[in-house]
$ cat data_25.cif   # mmCIF, C-alpha atoms and all ligand atoms
data_query
loop_
_atom_site.label_atom_id
_atom_site.label_comp_id
_atom_site.auth_asym_id
_atom_site.auth_seq_id
_atom_site.Cartn_x
_atom_site.Cartn_y
_atom_site.Cartn_z
CA MET A 26 131.09 63.36 93.23
CA ASP A 27 132.30 65.46 90.34
CA LYS A 28 133.10 64.26 86.88
CA GLN A 29 136.86 64.52 87.21
CA LYS A 30 136.89 62.08 90.09
CA LYS A 31 134.35 59.76 88.58
CA GLN A 32 136.39 59.08 85.49
CA PRO A 33 139.29 57.05 86.96
CA LEU A 34 136.87 55.13 89.16
CA LEU A 35 134.85 54.02 86.17
CA LEU A 36 138.06 52.69 84.67
CA LEU A 37 138.93 51.01 87.93
CA SER A 38 135.59 49.23 88.00
CA LEU A 39 136.82 47.08 85.13
CA PHE A 40 139.45 45.60 87.41
CA VAL A 41 138.15 45.56 90.95
CA PRO A 42 135.21 43.90 92.64
CA LEU A 43 132.29 46.20 93.37
CA GLY A 44 132.76 46.21 97.14
CA ILE A 45 136.22 47.67 96.90
CA LEU A 46 135.12 50.15 94.31
CA ARG A 47 132.44 51.51 96.58
CA MET A 48 134.90 51.96 99.40
CA GLN A 49 137.23 53.88 97.16
CA CYS A 50 134.32 55.89 95.93
CA VAL A 51 133.53 57.04 99.46
CA ASP A 52 137.17 57.95 100.08
CA ALA A 53 137.67 59.91 96.91
CA SER A 54 134.47 61.89 96.88
CA SER A 55 133.65 62.53 100.51
CA ASN A 56 136.94 62.47 102.39
CA GLY A 57 135.28 59.72 104.40
CA VAL A 58 132.39 61.84 105.74
CA ASN A 59 128.84 61.40 104.47
CA LYS A 60 126.81 62.99 107.28
CA LEU A 61 127.15 66.34 108.97
CA PHE A 62 125.53 67.21 112.28
CA VAL A 63 125.55 70.95 112.74
CA PHE A 64 124.89 72.73 116.04
CA GLY A 65 125.03 76.36 117.03
CA ASP A 66 123.75 79.81 116.17
CA SER A 67 123.11 82.15 113.26
CA TYR A 68 126.54 81.49 111.75
CA ALA A 69 125.30 77.97 111.01
CA ASP A 70 121.46 78.07 110.99
CA SER A 71 120.10 77.02 107.60
CA GLY A 72 116.41 77.42 108.33
CA ASN A 73 115.37 76.47 111.87
CA LEU A 74 113.93 79.77 113.06
CA ASN A 75 110.25 80.68 112.94
CA LYS A 76 109.46 81.88 109.42
CA SER A 77 107.04 84.56 110.52
CA THR A 78 109.36 86.29 112.98
CA TYR A 79 113.00 86.21 111.91
CA SER A 80 114.84 88.21 109.24
CA SER A 81 116.66 85.14 107.90
CA TRP A 82 113.35 84.30 106.23
CA LYS A 83 112.81 87.78 104.79
CA PRO A 84 114.21 89.62 101.77
CA PRO A 85 116.92 90.62 101.08
CA TYR A 86 118.37 87.54 102.83
CA GLY A 87 119.17 84.88 100.23
CA ILE A 88 119.10 87.29 97.23
CA THR A 89 122.33 85.92 95.75
CA TYR A 90 121.62 82.27 96.51
CA PRO A 91 119.16 80.63 96.19
CA GLY A 92 117.53 83.90 95.06
CA TYR A 93 115.00 84.08 97.91
CA PRO A 94 115.23 83.85 101.71
CA SER A 95 116.32 80.37 102.79
CA GLY A 96 116.58 80.79 106.55
CA ARG A 97 120.28 81.65 106.38
CA PHE A 98 121.67 84.90 107.78
CA SER A 99 123.49 85.82 104.59
CA ASN A 100 122.85 86.85 101.00
CA GLY A 101 123.70 83.28 100.00
CA ARG A 102 125.65 80.26 101.16
CA ILE A 103 127.18 80.02 104.61
CA LEU A 104 130.23 78.14 105.87
CA VAL A 105 128.43 74.85 106.51
CA ASP A 106 127.30 74.78 102.88
CA TYR A 107 130.95 74.98 101.79
CA ILE A 108 132.02 72.37 104.35
CA ALA A 109 129.35 70.02 102.98
CA THR A 110 130.71 70.60 99.46
CA TYR A 111 134.19 69.69 100.69
CA TYR A 112 132.83 66.33 101.83
CA GLY A 113 130.96 65.87 98.57
CA ILE A 114 127.47 65.89 100.10
CA PRO A 115 124.47 68.22 99.98
CA SER A 116 124.15 70.64 102.86
CA PRO A 117 122.32 68.81 105.67
CA VAL A 118 118.61 69.55 106.03
CA ALA A 119 117.50 72.02 108.72
CA TYR A 120 115.92 70.14 111.61
CA GLU A 121 112.64 72.05 111.27
CA GLU A 122 112.51 71.18 107.57
CA ARG A 123 113.36 67.51 108.00
CA GLU A 124 109.91 66.33 106.87
CA SER A 125 110.48 67.90 103.46
CA GLY A 126 114.01 66.64 102.93
CA THR A 127 116.27 63.70 103.62
CA THR A 128 118.18 63.17 106.86
CA GLU A 129 120.62 60.91 105.02
CA TYR A 130 123.34 63.59 104.88
CA GLY A 131 122.83 64.61 108.50
CA VAL A 132 120.82 67.38 110.10
CA ASN A 133 121.44 71.03 110.86
CA PHE A 134 120.22 71.71 114.43
CA ALA A 135 121.58 75.27 114.65
CA PHE A 136 119.18 78.02 115.72
CA GLY A 137 120.06 81.68 115.19
CA GLY A 138 120.55 83.36 118.56
CA ALA A 139 121.43 80.17 120.42
CA GLY A 140 124.22 79.81 122.94
CA VAL A 141 125.63 77.35 125.41
CA PHE A 142 123.51 79.02 128.12
CA LYS A 143 120.56 81.38 128.05
CA THR A 144 120.59 84.12 125.41
CA LEU A 145 118.29 86.93 124.29
CA PHE A 146 116.34 84.53 122.06
CA PRO A 147 113.84 81.78 122.93
CA VAL A 148 115.62 79.03 120.99
CA PRO A 149 117.12 75.67 122.03
CA ASN A 150 120.59 75.98 123.59
CA ILE A 151 123.39 73.65 122.47
CA THR A 152 122.31 71.05 125.04
CA GLY A 153 118.76 71.17 123.69
CA GLN A 154 120.05 70.84 120.12
CA ILE A 155 122.02 67.72 121.09
CA ASP A 156 118.83 66.35 122.69
CA LEU A 157 117.25 66.60 119.22
CA LEU A 158 120.05 64.49 117.72
CA GLN A 159 119.71 61.98 120.52
CA GLN A 160 115.97 61.66 119.77
CA LEU A 161 116.74 60.99 116.11
CA ILE A 162 119.31 58.33 117.04
CA ASP A 163 116.86 56.69 119.47
CA ASP A 164 114.19 56.75 116.77
CA LYS A 165 114.94 53.61 114.78
CA GLN A 166 113.34 55.10 111.62
CA THR A 167 116.32 57.38 110.94
CA PRO A 168 119.52 56.27 109.17
CA TYR A 169 121.56 56.79 112.35
CA SER A 170 122.69 53.39 113.57
CA GLN A 171 126.06 53.34 115.37
CA THR A 172 127.58 52.07 112.10
CA ASP A 173 126.05 54.94 110.12
CA LEU A 174 127.47 57.41 112.63
CA LEU A 175 131.02 56.18 111.99
CA THR A 176 131.11 58.31 108.83
CA SER A 177 129.56 61.39 110.43
CA LEU A 178 131.17 64.65 111.50
CA ALA A 179 129.80 67.24 113.94
CA VAL A 180 130.35 70.97 113.51
CA VAL A 181 129.50 73.29 116.41
CA PHE A 182 129.30 77.08 116.12
CA VAL A 183 129.30 79.15 119.29
CA SER A 184 129.84 82.67 118.02
CA GLY A 185 129.02 84.96 120.93
CA ASP A 186 125.31 85.01 121.83
CA ASP A 187 126.19 83.95 125.40
CA TYR A 188 128.35 87.04 125.77
CA ILE A 189 125.83 89.41 124.22
CA TYR A 190 123.32 88.18 126.79
CA TYR A 191 125.91 88.60 129.54
CA ALA A 192 126.67 92.18 128.52
CA VAL A 193 122.98 93.12 128.24
CA SER A 194 121.94 91.47 131.50
CA HIS A 195 124.88 93.05 133.35
CA ALA A 196 124.06 96.51 132.02
CA GLY A 197 127.21 96.56 129.93
CA SER A 198 129.54 95.94 132.87
CA LEU A 199 132.19 93.44 131.89
CA GLN A 200 133.34 92.63 135.39
CA GLY A 201 133.22 88.90 135.84
CA LEU A 202 133.37 88.30 132.09
CA ALA A 203 136.51 86.15 132.34
CA ALA A 204 134.90 83.88 134.92
CA TYR A 205 131.79 83.70 132.74
CA ALA A 206 133.90 82.71 129.72
CA ASN A 207 135.32 79.90 131.82
CA SER A 208 131.86 78.56 132.60
CA VAL A 209 130.77 78.89 128.95
CA ILE A 210 133.78 76.82 127.86
CA ASN A 211 133.34 74.24 130.62
CA GLN A 212 129.73 73.67 129.57
CA LEU A 213 130.71 73.66 125.89
CA VAL A 214 133.29 70.95 126.60
CA LEU A 215 130.60 68.81 128.24
CA ASP A 216 128.40 69.32 125.17
CA LEU A 217 131.21 68.35 122.78
CA LYS A 218 131.99 65.21 124.77
CA ARG A 219 128.34 64.26 124.71
CA ILE A 220 128.23 64.54 120.90
CA HIS A 221 131.25 62.25 120.69
CA ASP A 222 129.72 59.81 123.21
CA LEU A 223 126.61 59.56 121.01
CA GLY A 224 128.85 57.94 118.38
CA VAL A 225 130.07 60.85 116.25
CA PRO A 226 133.81 60.19 115.75
CA ASN A 227 135.01 63.76 115.20
CA VAL A 228 133.82 67.15 116.34
CA LEU A 229 134.78 70.57 114.94
CA VAL A 230 134.05 73.59 117.08
CA SER A 231 134.34 77.21 116.07
CA GLY A 232 136.20 79.78 118.08
CA LEU A 233 134.85 83.33 118.25
CA GLY A 234 135.43 85.55 115.25
CA PRO A 235 137.16 88.93 115.58
CA LEU A 236 134.23 90.63 117.34
CA GLY A 237 136.10 93.94 117.21
CA CYS A 238 135.83 93.85 113.40
CA LEU A 239 132.03 93.47 113.37
CA PRO A 240 130.29 96.57 112.02
CA PRO A 241 128.91 97.70 115.45
CA ALA A 242 132.52 97.87 116.72
CA THR A 243 133.89 99.66 113.67
CA ALA A 244 131.09 102.16 112.93
CA ASP A 245 132.89 104.75 115.11
CA SER A 246 135.85 104.66 112.76
CA SER A 247 133.50 104.88 109.74
CA TYR A 248 134.29 101.21 109.13
CA THR A 249 137.99 101.80 108.62
CA SER A 250 139.63 99.83 111.44
CA CYS A 251 138.90 96.93 113.78
CA ASN A 252 138.64 97.68 117.48
CA SER A 253 141.67 95.93 118.95
CA GLN A 254 140.44 96.32 122.51
CA VAL A 255 137.25 94.40 121.70
CA ASN A 256 139.31 91.81 119.81
CA GLY A 257 141.20 90.95 123.00
CA PHE A 258 138.18 89.09 124.28
CA PRO A 259 137.69 86.56 121.44
CA LEU A 260 141.42 85.85 121.56
CA PHE A 261 141.07 85.08 125.27
CA HIS A 262 138.01 82.85 124.71
CA ASN A 263 139.70 81.02 121.83
CA GLN A 264 142.83 80.38 123.86
CA LEU A 265 140.78 78.86 126.68
CA LEU A 266 138.84 76.76 124.20
CA PHE A 267 141.98 75.58 122.44
CA LYS A 268 143.57 74.46 125.71
CA SER A 269 140.40 72.59 126.67
CA LEU A 270 140.33 70.80 123.31
CA GLU A 271 143.97 69.81 123.68
CA LYS A 272 143.18 68.34 127.08
CA LEU A 273 140.15 66.48 125.70
CA ASN A 274 142.18 65.01 122.85
CA PHE A 275 144.89 63.98 125.28
CA GLN A 276 142.28 62.22 127.42
CA SER A 277 140.77 60.40 124.46
CA MET A 278 144.29 59.48 123.25
CA GLU A 279 143.45 60.53 119.69
CA PRO A 280 142.52 63.70 117.83
CA VAL A 281 138.72 63.90 118.11
CA PHE A 282 138.07 67.61 118.71
CA PHE A 283 139.23 70.27 116.24
CA LEU A 284 139.15 74.06 116.55
CA LEU A 285 137.68 75.93 113.61
CA ASP A 286 139.57 79.19 113.86
CA LEU A 287 137.09 81.80 112.66
CA TYR A 288 139.24 84.55 114.13
CA ASP A 289 142.12 83.93 111.77
CA ALA A 290 139.84 83.01 108.89
CA PHE A 291 137.79 86.24 109.09
CA LEU A 292 140.90 88.39 109.51
CA ALA A 293 142.70 86.76 106.60
CA ALA A 294 139.67 87.34 104.38
CA ILE A 295 139.15 90.91 105.58
CA GLN A 296 142.82 91.78 105.13
CA GLY A 297 143.00 90.28 101.64
CA HIS A 298 145.32 87.39 102.46
CA VAL A 299 143.25 84.56 101.03
CA HIS A 300 144.46 82.71 97.95
CA LEU A 301 141.81 81.60 95.49
CA PRO A 302 142.06 78.12 93.94
CA ASP A 303 143.14 79.76 90.64
CA GLY A 304 146.08 81.40 92.40
CA GLY A 305 144.60 84.90 92.60
CA ILE A 306 143.90 86.82 95.79
CA LEU A 307 140.39 87.24 97.21
CA GLU A 308 139.89 90.96 97.70
CA PHE A 309 136.98 92.76 99.30
CA GLU A 310 136.51 96.33 98.15
CA ASN A 311 134.47 96.87 101.31
CA ARG A 312 136.23 95.10 104.12
CA LEU A 313 134.34 96.28 107.20
CA LYS A 314 131.22 98.13 106.03
CA PRO A 315 128.13 95.91 105.90
CA CYS A 316 126.23 95.52 102.63
CA CYS A 317 122.77 95.57 104.19
CA GLN A 318 121.95 98.08 106.92
CA GLY A 319 118.94 99.51 108.73
CA VAL A 320 118.05 103.09 107.78
CA ASP A 321 118.58 104.12 111.41
CA ALA A 322 119.75 102.71 114.74
CA PHE A 323 116.36 101.10 115.40
CA ASN A 324 116.10 99.12 112.20
CA PHE A 325 118.05 96.18 110.86
CA CYS A 326 118.55 94.51 107.51
CA GLY A 327 115.26 92.86 106.53
CA ASP A 328 113.00 95.15 108.61
CA THR A 329 109.93 96.59 106.94
CA VAL A 330 107.18 98.99 107.99
CA GLY A 331 103.91 98.74 106.10
CA GLY A 332 105.69 96.74 103.40
CA GLN A 333 108.34 99.45 102.96
CA PRO A 334 111.98 98.37 103.47
CA MET A 335 113.64 100.08 106.42
CA TYR A 336 117.08 99.07 105.17
CA THR A 337 119.43 99.67 102.29
CA VAL A 338 121.28 97.00 100.29
CA CYS A 339 124.52 97.50 98.39
CA PRO A 340 124.39 96.77 94.63
CA ASP A 341 127.26 94.26 94.72
CA PRO A 342 127.33 91.99 97.83
CA GLN A 343 130.32 90.11 96.32
CA SER A 344 132.53 93.09 97.07
CA TYR A 345 131.62 93.14 100.76
CA PHE A 346 132.89 90.85 103.54
CA PHE A 347 129.96 91.66 105.84
CA TRP A 348 126.38 91.14 104.75
CA ASP A 349 124.62 92.66 107.77
CA VAL A 350 125.97 93.99 111.05
CA PHE A 351 126.88 90.52 112.36
CA HIS A 352 127.11 88.07 109.48
CA PRO A 353 129.42 87.63 106.48
CA THR A 354 128.26 87.63 102.87
CA GLN A 355 128.44 84.42 100.85
CA GLN A 356 131.75 85.67 99.43
CA GLY A 357 132.94 86.41 102.97
CA TRP A 358 132.13 82.85 104.04
CA TYR A 359 133.80 81.51 100.94
CA GLY A 360 136.98 83.37 101.90
CA ALA A 361 136.81 81.97 105.45
CA TYR A 362 136.23 78.49 104.00
CA LEU A 363 139.36 78.71 101.82
CA VAL A 364 141.36 79.45 104.98
CA ILE A 365 139.98 76.61 107.08
CA GLN A 366 139.68 74.00 104.32
CA PRO A 367 143.22 72.58 104.71
CA PHE A 368 142.44 71.94 108.39
CA LEU A 369 139.20 70.03 107.83
CA PRO A 370 139.60 66.44 109.00
CA GLN A 371 139.77 63.67 106.42
CA PHE A 372 138.99 60.10 107.22
CA THR A 373 140.12 57.14 105.20
CA GLU A 374 138.78 54.33 107.36
CA THR A 375 135.31 53.68 105.96
C1 LIG A 401 105.83 81.38 114.79
O1 LIG A 401 105.46 82.66 115.25
C2 LIG A 401 104.08 82.95 115.08
C3 LIG A 401 103.86 84.40 115.44
O2 LIG A 401 104.51 84.74 116.64
C4 LIG A 401 103.27 81.98 115.94
O3 LIG A 401 101.89 82.22 115.79
C5 LIG A 401 103.60 80.53 115.49
O4 LIG A 401 102.95 79.61 116.34
C6 LIG A 401 105.09 80.30 115.53
N1 LIG A 401 105.36 79.00 114.90
C7 LIG A 401 106.10 78.07 115.46
C8 LIG A 401 106.30 76.83 114.68
O5 LIG A 401 106.59 78.19 116.58
C1 LIG A 402 119.31 74.51 128.11
O1 LIG A 402 117.95 74.76 128.00
C2 LIG A 402 117.13 73.92 128.81
C3 LIG A 402 115.68 74.22 128.46
O2 LIG A 402 115.43 75.60 128.57
C4 LIG A 402 117.46 74.15 130.28
O3 LIG A 402 116.67 73.31 131.09
C5 LIG A 402 118.93 73.84 130.50
O4 LIG A 402 119.30 74.13 131.83
C6 LIG A 402 119.78 74.66 129.54
N1 LIG A 402 121.15 74.20 129.63
C7 LIG A 402 122.14 75.01 129.98
C8 LIG A 402 123.50 74.41 130.03
O5 LIG A 402 121.97 76.17 130.26
#
$ encode --input "data_25.cif" --output "structure tokens"
Amino acid sequence: MDKQKKQPLLLLSLFVPLGILRMQCVDASSNGVNKLFVFGDSYADSGNLNKSTYSSWKPPYGITYPGYPSGRFSNGRILVDYIATYYGIPSPVAYEERESGTTEYGVNFAFGGAGVFKTLFPVPNITGQIDLLQQLIDDKQTPYSQTDLLTSLAVVFVSGDDYIYYAVSHAGSLQGLAAYANSVINQLVLDLKRIHDLGVPNVLVSGLGPLGCLPPATADSSYTSCNSQVNGFPLFHNQLLFKSLEKLNFQSMEPVFFLLDLYDAFLAAIQGHVHLPDGGILEFENRLKPCCQGVDAFNFCGDTVGGQPMYTVCPDPQSYFFWDVFHPTQQGWYGAYLVIQPFLPQFTET
């Protein structure tokens, strides 16, 4: 908790018994959440991929924060880091790093490249990631009793790897894509219900971002305008997902499942509509062009040949929304966070 909030509580401690003080302390500093369980793909991975193979563990990833590659697909912090800050806790440890950290604040099970179904990458799908949580709950050594889980929150990112696999394995033909989206969402709904059934009271799930604004879709226009045709698809997926969540909440007779609208959040940030806490506007000088790019179509940010970088990095990542051709910069994520922050659930029953 920060100093500002600590001050009145210290005063309070003169008047109230310790038990009550501690309850209030949880409320004030953490909005009632003290564990995050994160599932998903490279928008959420904080270090689960193999260090010797993936670019998230190579320079220039992490150059802004923490100053070296940290397994995140960004120059610095990602959205889950900001969400953890909102709840007043450290970012949860990556599952693969759990031996060297604490699992007290939850665990990040997200693997870059993961999807609900099979994708181009040999990483655990969402079902497999939930299996990992289940193992930790079953293992009595971890601080995950049913009571501990009452103050936990799950965040699930499914950002499009299922559809990339679909497009590649169907030779680019998008016939049947709508039916496929239906099956992705149906399986995702089962996954979300399972997380809740394990004892996690609330579950946030991301919609797709504006895929038509990602650098591969805007390169044709020299990074000047989003491709509105491509953007039709994420809107369709998000609508389906939203309806399914409404139905789920109706069935459980209480709001349990929340949509994290990355579509609106990314667009607001890209278009310069995000208000900073100090009242100013968050502006990106480079709204669609990525900061870090391969030198040609065969190389990506982070690639090297014989130790020589096969990419270029912009001098000022802060002024870019996109870090590489798929992922936002730290400043981009911060902008998205400012948009979604008012919608993050708060819990007072602790
Ligand atoms: C990571 O990849 C390397 C090279 O492909 C392999 O030798 C190693 O076993 C992998 N490590 C893990 C933990 O999977
Ligand atoms: C997830 O991965 C496991 C292991 O590869 C596989 O058995 C299972 O069918 C997959 N689940 C889905 C929903 O595709």
$ closest_atom_pairs --input "data_25.cif" --of "chain A" --to "ligand LIG 401 (chain A)" --cutoff "12 Å" --atoms "only C-alpha atoms and all ligand atoms" --output "Markdown table"
| residue | atom | partner | partner_atom | distance |
| --- | --- | --- | --- | --- |
| A:Gly72 | CA | A:LIG401 | C8 | 12.0 |
| A:Asn73 | CA | A:LIG401 | C8 | 9.5 |
| A:Leu74 | CA | A:LIG401 | O5 | 8.3 |
| A:Asn75 | CA | A:LIG401 | C1 | 4.8 |
| A:Lys76 | CA | A:LIG401 | C1 | 6.5 |
| A:Ser77 | CA | A:LIG401 | O1 | 5.3 |
| A:Thr78 | CA | A:LIG401 | O1 | 5.8 |
| A:Tyr79 | CA | A:LIG401 | O1 | 9.0 |
| A:Trp82 | CA | A:LIG401 | C1 | 11.8 |
| A:Glu121 | CA | A:LIG401 | C8 | 8.6 |
| A:Glu122 | CA | A:LIG401 | C8 | 11.0 |
| A:Pro147 | CA | A:LIG401 | O5 | 10.3 |
| A:Val148 | CA | A:LIG401 | O5 | 10.1 |
$ residues_near_ligand --input "data_25.cif" --ligand "ligand LIG 402 (chain A)" --cutoff "10 Å" --atoms "all atoms listed in the file" --output "list in words"
Ala139, Gly140, Val141, Phe142, Lys143, Thr144, Pro147, Val148, Pro149, Asn150, Ile151, Thr152, Gly153, Gln154, Asp156, Ser208, Val209, Asn211, Gln212, Leu213, Leu215 and Asp216 of chain A
$ residues_around --input "data_25.cif" --residues "Val214 in chain A" --least-positions-apart "2" --cutoff "12 Å" --atoms "all atoms listed in the file" --output "PyMOL selection string"
chain A and resi 141+151-152+181+183+207-212+216-221+228-230+265-274+282-283
$ closest_atom_pairs --input "data_25.cif" --of "range 135-251 of chain A" --to "range 90-100 of chain A" --cutoff "12 Å" --atoms "only C-alpha atoms" --output "JSON lines"
{"residue": "A:Ala135", "atom": "CA", "partner": "A:Arg97", "partner_atom": "CA", "distance": 10.5}
{"residue": "A:Phe136", "atom": "CA", "partner": "A:Gly96", "partner_atom": "CA", "distance": 9.9}
{"residue": "A:Gly137", "atom": "CA", "partner": "A:Phe98", "partner_atom": "CA", "distance": 8.2}
{"residue": "A:Gly138", "atom": "CA", "partner": "A:Phe98", "partner_atom": "CA", "distance": 10.9}
$ atom_distance --input "data_25.cif" --atom1 "CA of Ile295 in chain A" --atom2 "CA of Pro115 in chain A"
27.6 Å
$ atom_distance --input "data_25.cif" --atom1 "CA of Gly257 in chain A" --atom2 "CA of Gly357 in chain A"
22.1 Å
$ atom_distance --input "data_25.cif" --atom1 "CA of Gln264 in chain A" --atom2 "CA of Asp187 in chain A"
17.1 Å
$ closest_residue --input "data_25.cif" --among "A:Gly201, A:Gln318, A:Thr167, A:Tyr345" --to "Glu124 in chain A" --atoms "only C-alpha atoms"
A:Thr167
$ closest_residue --input "data_25.cif" --among "A:Leu145, A:Gln166, A:Phe323, A:Leu292" --to "Tyr188 in chain A" --atoms "all atoms listed in the file"
A:Leu145
$ closest_residue --input "data_25.cif" --among "A:Tyr205, A:Gly65, A:Val180, A:Val58" --to "Glu129 in chain A" --atoms "all atoms listed in the file"
A:Val58
$ closest_residue --input "data_25.cif" --among "A:Glu279, A:Asp328, A:Asp341, A:Asp321" --to "Phe309 in chain A" --atoms "only C-alpha atoms"
A:Asp341
$ closest_residue --input "data_25.cif" --among "A:Leu363, A:Cys326, A:Thr128, A:Asp286" --to "Asp349 in chain A" --atoms "only C-alpha atoms"
A:Cys326
$ closest_residue --input "data_25.cif" --among "A:Pro84, A:Pro168, A:Gly101, A:Pro370" --to "Tyr336 in chain A" --atoms "only C-alpha atoms"
A:Pro84
$ residues_around --input "data_25.cif" --residues "Arg123 in chain A" --least-positions-apart "4" --cutoff "10 Å" --atoms "only C-alpha atoms" --output "VMD selection string"
chain A and resid 73 117 to 119 127 to 128 131 to 133
$ residues_near_point --input "data_25.cif" --point "(110.0, 92.9, 99.9)" --cutoff "10 Å" --atoms "all atoms listed in the file" --output "PyMOL selection string"
chain A and resi 83-85+327-329+332-334
$ axis_aligned_box --input "data_25.cif" --around "range 276-282 of chain A" --padding-each-side "3 Å" --output "JSON"
{"center_x": 141.2, "center_y": 63.5, "center_z": 122.6, "size_x": 12.2, "size_y": 14.1, "size_z": 15.6}
$ residues_near_point --input "data_25.cif" --point "(128.4, 93.1, 94.2)" --cutoff "12 Å" --atoms "all atoms listed in the file" --output "PyMOL selection string"
chain A and resi 88-89+100+309-311+316-317+338-348+354-357
